[in-house]
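Enquirer: Dropping the structure in here first, questions after.
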Amino acid sequence: MIKKYFYNDNFYKKIIKKKKDPRTLKEYKKILKYKKIIKFVYQNKPLGTGDAVLKTKNIIKDKFFLMLLPDDLIVKKNCSKSMIQIHKKYKASVMASMNVSKKTVSRWGIYKLKKKMDKNNFLIEDVIEKPSIKEAPSNKAVIGRYILPKKIFAKLLSQKPGKGGEIHITDSIQTLIKENQKFIAHNFSGKYLDCGSMNGYIKSAIEISKL
Ligand code: G1P
């Protein structure tokens, strides 16, 4: 479906001709621009976030890369841009973060804080995927946006399945943290829209229609 969005020229050309709305043409130009630089990889079985990232192993050339989970939208402020600034400032990997209510900790990756770097940035001591309320070291959750080191591919290759039998990116991040790789949690200032639950998805659609 995503690929079709970028390769649906006849459909877009027809709408542009019919509607004559300049906004449609503007969007189509964006699609043409981006499709030239997008490469697609496929995860044919849903074996976890880590398994999905591993599919990009031969495409990633730089030492660090940005990874975004598509069901975690952050709007109104460019969170990726702020994370890149933090990455440069602290020469570290970065994850978007937010405080959540204690009773929902088992829905998220939860981290333990080692040190406050500045107002919105925290060095991470441990991260654990979807802990029980009892296991959770805090109520600080990881949101699906990460700046990760290329080194993580080596960890993912030998990563054993974790919670729910999936290969979680969180488990390989924890391995890197234990090897003294710096990971910073960045409390972003944009508005978070959760599209990963039916309720959240409906609410998000309403919010987006208001933008
Ligand atoms: C994923 C991550 C989890 C993170 C969450 C944010 O979980 O595994 O650590 O907190 O995204 O949305 P998922 O939503 O895929 O279950």
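As shown in the structure tokens, the chain order sets the letters A, B, ...; within each chain, residues go from 1, and ligands are also counted from 1 in the order they appear.
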Considering only helix (DSSP H, G or I) as DSSP defines it on the backbone, what residues of segment 28-90 of chain A qualify? List them as an MDAnalysis selection string.
Expert: chainID A and resid 28:35 49:54 79:90
Enquirer: Residues of chain A that have any atom at most 8 Å from an atom of ligand 1: could you tabulate them with the shortest-distance atom pair and the distance in Å to one decimal, using only C-alpha atoms and all ligand atoms, ordered by chain and increasing number, as a tab-separated table?
Expert:
```
residue	atom	partner	partner_atom_place_in_ligand_line	distance
A:Gly48	CA	ligand 1	15 (O)	7.6
A:Thr49	CA	ligand 1	8 (O)	6.5
A:Leu69	CA	ligand 1	11 (O)	6.9
A:Asp71	CA	ligand 1	12 (O)	7.0
A:Asp72	CA	ligand 1	12 (O)	5.6
A:Arg107	CA	ligand 1	16 (O)	6.6
A:Trp108	CA	ligand 1	10 (O)	3.5
A:Gly109	CA	ligand 1	9 (O)	3.3
A:Ile110	CA	ligand 1	10 (O)	6.8
A:Ile128	CA	ligand 1	9 (O)	7.7
A:Glu129	CA	ligand 1	9 (O)	5.4
A:Lys130	CA	ligand 1	9 (O)	6.7
A:Ala141	CA	ligand 1	10 (O)	5.7
A:Val142	CA	ligand 1	10 (O)	4.3
A:Ile143	CA	ligand 1	6 (C)	4.1
A:Gly144	CA	ligand 1	6 (C)	4.4
A:His168	CA	ligand 1	8 (O)	6.1
A:Ile169	CA	ligand 1	8 (O)	6.7
A:Thr170	CA	ligand 1	9 (O)	5.8
A:Asp194	CA	ligand 1	12 (O)	7.2
A:Gly196	CA	ligand 1	14 (O)	6.1
```
Enquirer: Going by DSSP on the backbone, which residues of segment 93-191 of chain A come out as strand (DSSP E)? List them as a VMD selection string.
Expert: chain A and resid 93 to 99 109 to 118 121 to 129 140 to 149 183 to 187 191
Enquirer: Go ahead and save the picked residues with C-alpha atoms, as a CSV table (one decimal), in the first residue's frame.
Expert:
```
chain,number,residue,atom,x,y,z
A,93,SER,CA,22.3,7.6,20.1
A,94,VAL,CA,18.9,9.1,20.9
A,95,MET,CA,15.4,7.9,21.5
A,96,ALA,CA,12.2,10.0,21.7
A,97,SER,CA,10.7,9.8,25.2
A,98,MET,CA,7.6,10.7,27.2
A,99,ASN,CA,6.3,10.1,30.7
A,109,GLY,CA,9.7,0.2,26.2
A,110,ILE,CA,10.5,1.7,29.6
A,111,TYR,CA,13.8,3.1,30.6
A,112,LYS,CA,15.7,3.8,33.8
A,113,LEU,CA,17.5,7.1,34.0
A,114,LYS,CA,21.2,7.3,34.8
A,115,LYS,CA,21.8,11.1,34.6
A,116,LYS,CA,20.0,14.2,33.6
A,117,MET,CA,22.0,15.9,30.8
A,118,ASP,CA,19.8,19.0,30.5
A,121,ASN,CA,17.6,15.0,27.8
A,122,PHE,CA,18.5,12.0,30.0
A,123,LEU,CA,21.2,9.4,29.8
A,124,ILE,CA,19.7,6.0,29.9
A,125,GLU,CA,20.9,3.3,32.3
A,126,ASP,CA,18.6,0.4,31.2
A,127,VAL,CA,15.7,-0.1,28.8
A,128,ILE,CA,13.2,-2.9,29.0
A,129,GLU,CA,10.5,-3.8,26.5
A,140,LYS,CA,9.4,6.9,31.3
A,141,ALA,CA,8.5,5.5,27.9
A,142,VAL,CA,10.3,5.2,24.6
A,143,ILE,CA,8.3,6.6,21.7
A,144,GLY,CA,9.0,5.1,18.2
A,145,ARG,CA,11.7,7.5,17.0
A,146,TYR,CA,15.4,6.5,17.3
A,147,ILE,CA,18.8,7.6,16.2
A,148,LEU,CA,20.7,4.3,16.2
A,149,PRO,CA,24.3,3.3,15.5
A,183,PHE,CA,21.8,6.4,24.7
A,184,ILE,CA,19.9,9.6,25.4
A,185,ALA,CA,16.2,9.9,25.9
A,186,HIS,CA,14.8,13.1,24.5
A,187,ASN,CA,11.6,14.5,25.9
A,191,LYS,CA,2.3,16.7,20.1
```
Enquirer: Pick the closest to Glu135 of chain A from A:Thr56, A:Ser158, A:Asn120, A:Ser106: which is it, counting only C-alpha atoms?
Expert: A:Ser106
Enquirer: Have a look at atom CA of Lys182 of chain A and atom CA of Asp51 of chain A and let me know their distance in Å, one decimal.
Expert: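 A separation of 22.4 Å between them.
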Enquirer: Which polymer residues have any atom within 8 Å of an atom of Ser80 of chain A, counting only C-alpha atoms, with same-chain residues fewer than 2 positions away left out, as a short mmCIF file (atom, residue, chain, number, x, y, z; two decimals) with N, CA, C and O atoms, in the first residue's frame?
Expert:
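This went into result_9.cif:
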```
data_model
loop_
_atom_site.label_atom_id
_atom_site.label_comp_id
_atom_site.auth_asym_id
_atom_site.auth_seq_id
_atom_site.Cartn_x
_atom_site.Cartn_y
_atom_site.Cartn_z
N LEU A 66 18.43 7.24 11.31
CA LEU A 66 17.19 7.61 12.00
C LEU A 66 16.14 6.55 11.68
O LEU A 66 15.98 6.15 10.54
N ASN A 78 9.22 19.65 14.74
CA ASN A 78 10.00 18.61 14.08
C ASN A 78 10.88 17.87 15.08
O ASN A 78 11.98 18.32 15.42
N SER A 82 15.16 17.96 16.22
CA SER A 82 15.67 18.15 17.59
C SER A 82 16.55 16.97 17.99
O SER A 82 17.59 17.15 18.65
N MET A 83 16.13 15.76 17.61
CA MET A 83 16.92 14.58 17.99
C MET A 83 18.29 14.60 17.32
O MET A 83 19.29 14.21 17.93
N ILE A 84 18.34 15.07 16.07
CA ILE A 84 19.63 15.14 15.36
C ILE A 84 20.56 16.14 16.08
O ILE A 84 21.76 15.89 16.26
N ARG A 145 10.78 6.66 17.79
CA ARG A 145 11.68 7.45 16.96
C ARG A 145 13.09 7.34 17.57
O ARG A 145 13.26 7.63 18.75
#
```
Enquirer: Please report the interatomic distance between atom CA of Lys76 of chain A and atom CA of Ile208 of chain A in Å with one decimal.
Expert: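 Between these atoms lies a distance of 10.3 Å.
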Enquirer: Given only C-alpha atoms as the basis, pick out the residue of A:Phe40, A:Tyr34, A:Phe64, A:Phe6 nearest to Ile152 of chain A.
Expert: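 Of the candidates, the smallest distance to Ile152 of chain A is held by A:Phe64.
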